[in-house]
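Since the structure comes first, as structure tokens, the remarks are kept for the end.
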Amino acid sequence: MKRVFSGLIAVLMILTAFASCGGGEISEIILIDKTKTVTVGKTYTIQYTVNPSNSKETLLWSSSDEEVATVENGTVKALKAGETEITVMSSKGISAVCNLTVKDVDITKVEINPSSDTIKSGNTTKLDVTLYPATANGQNVKWSSSDPSVATVSQTGLVTGQKAGTVEITATTDGGKSGSAVIKVTSKKKSKTKSSSTTYVYYTPRQIADNYSGDFVFYDSSYRRLSSGEVAVLSYDDTQRAINEIYARNGNIFSSSKWSAYFSRYSWYYPRKKISQSDCNSIEQYNLNLLIKHRNSL
């Protein structure tokens, strides 16, 4: 009898040892970080433990917002700024959640190009902004002028000289980082009164553009097709000015006193006749159609 009892004890011990080798069902999942903040573009591996520690049960991972971050086998990839819940779950429904915050890359420097320029009153210059590091994204930039009476700036970085003086043009990100450029505005010399006996030298649109490039939104729109991208950033007023510049270079007589007075300030402008779109070359007609379509959408 003792021999039988001893045999049963041995079998029970073997079965217990065999069960422990394979682990059991997960009763608890413990995350090391229940909240975590990472930067866009970075990856993060979630650290965790399970009870029992030797369980071989499969874990399932998911993200509540895969546009913000994705997760695979516990490794998270941050995609864009926002918040999401990373959930890990056992096959029997035991789960744990990490509240993940994804933030934009911190901008360390804002650079304006060119950093300085000189224009005449009534003329314009285009400033471009570069954010560092290059991986920084999702940041809006707001433009401002230290003295709008000297020069104004649009939210696309187009500076217009108003009167003689020096002004600082600043671009500031949502995060508060900024960069600036110094713009000097000089007075436009008054043109001499033209007598009726004056013999005018008429220039082609390209000659005007090449010699007075600073006077235009798009100085080369008479011989280069504009792209949709560079037109899309223009305001309504800048778009209308770009349209009228094409006509003005061809010597159009404007029926609007506003535009007639505007272009009369320039020495290259000699109104000769009423110009229609069909009088323009094929590139000008293409650009006019592109600009008019954008203006009508605003």
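If you're wondering about the labels, chains in the structure tokens are A, B, ... by order shown, residues count from 1 in each chain, ligands from 1 in order shown.
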(message) Which of stretch 69-133 of chain A end up as strand (DSSP E) when DSSP is run on this backbone - answer as a count of residues only?
(response) 44
(request) Once DSSP has gone over the backbone, tell me which residues of stretch 143-269 of chain A are in alpha helix (DSSP H), as a ChimeraX atom specification. (result) /A:205-211,228-232,236-249,257-264
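Within the 9 Å cut-off around stretch 254-268 of chain A, using only C-alpha atoms and omitting residues fewer than 4 positions from it on the same chain, the listed residues are Gly122, Lys188, Lys190, Ser191, Tyr202, Tyr203, Ile208, Tyr212, Asp215, Arg241, Asn244, Glu245, Tyr247, Ala248, Arg249, Lys273, Lys274 and Ile275 of chain A.
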Preceding selection exported with C-alpha atoms as a PDB file, in the first residue's frame:
```pdb
ATOM      1  CA  GLY A 122       5.883 100.731 -53.614  1.00  0.00           C
ATOM      2  CA  LYS A 188      11.191 106.365 -55.345  1.00  0.00           C
ATOM      3  CA  LYS A 190       9.850 111.328 -58.993  1.00  0.00           C
ATOM      4  CA  SER A 191       9.870 110.968 -62.741  1.00  0.00           C
ATOM      5  CA  TYR A 202       9.007 100.891 -75.667  1.00  0.00           C
ATOM      6  CA  TYR A 203      10.389  97.724 -74.088  1.00  0.00           C
ATOM      7  CA  ILE A 208      10.793  95.171 -68.511  1.00  0.00           C
ATOM      8  CA  TYR A 212      12.765  95.887 -63.129  1.00  0.00           C
ATOM      9  CA  ASP A 215       8.531  95.745 -59.227  1.00  0.00           C
ATOM     10  CA  ARG A 241      -1.825  92.600 -58.886  1.00  0.00           C
ATOM     11  CA  ASN A 244      -2.629  93.308 -63.892  1.00  0.00           C
ATOM     12  CA  GLU A 245       1.180  93.191 -64.091  1.00  0.00           C
ATOM     13  CA  TYR A 247      -1.368  93.575 -68.836  1.00  0.00           C
ATOM     14  CA  ALA A 248       0.741  96.529 -67.660  1.00  0.00           C
ATOM     15  CA  ARG A 249       3.933  95.152 -69.219  1.00  0.00           C
ATOM     16  CA  LYS A 273      -4.003 100.720 -75.781  1.00  0.00           C
ATOM     17  CA  LYS A 274      -6.619  98.532 -74.176  1.00  0.00           C
ATOM     18  CA  ILE A 275      -5.163  95.002 -73.986  1.00  0.00           C
TER      19      ILE A 275
END
```
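Remark: for A:Thr124, the closest of the candidate residues A:Gly214, A:Gly74, A:Pro271, A:Gly179 is A:Gly214 (distances computed over only C-alpha atoms).
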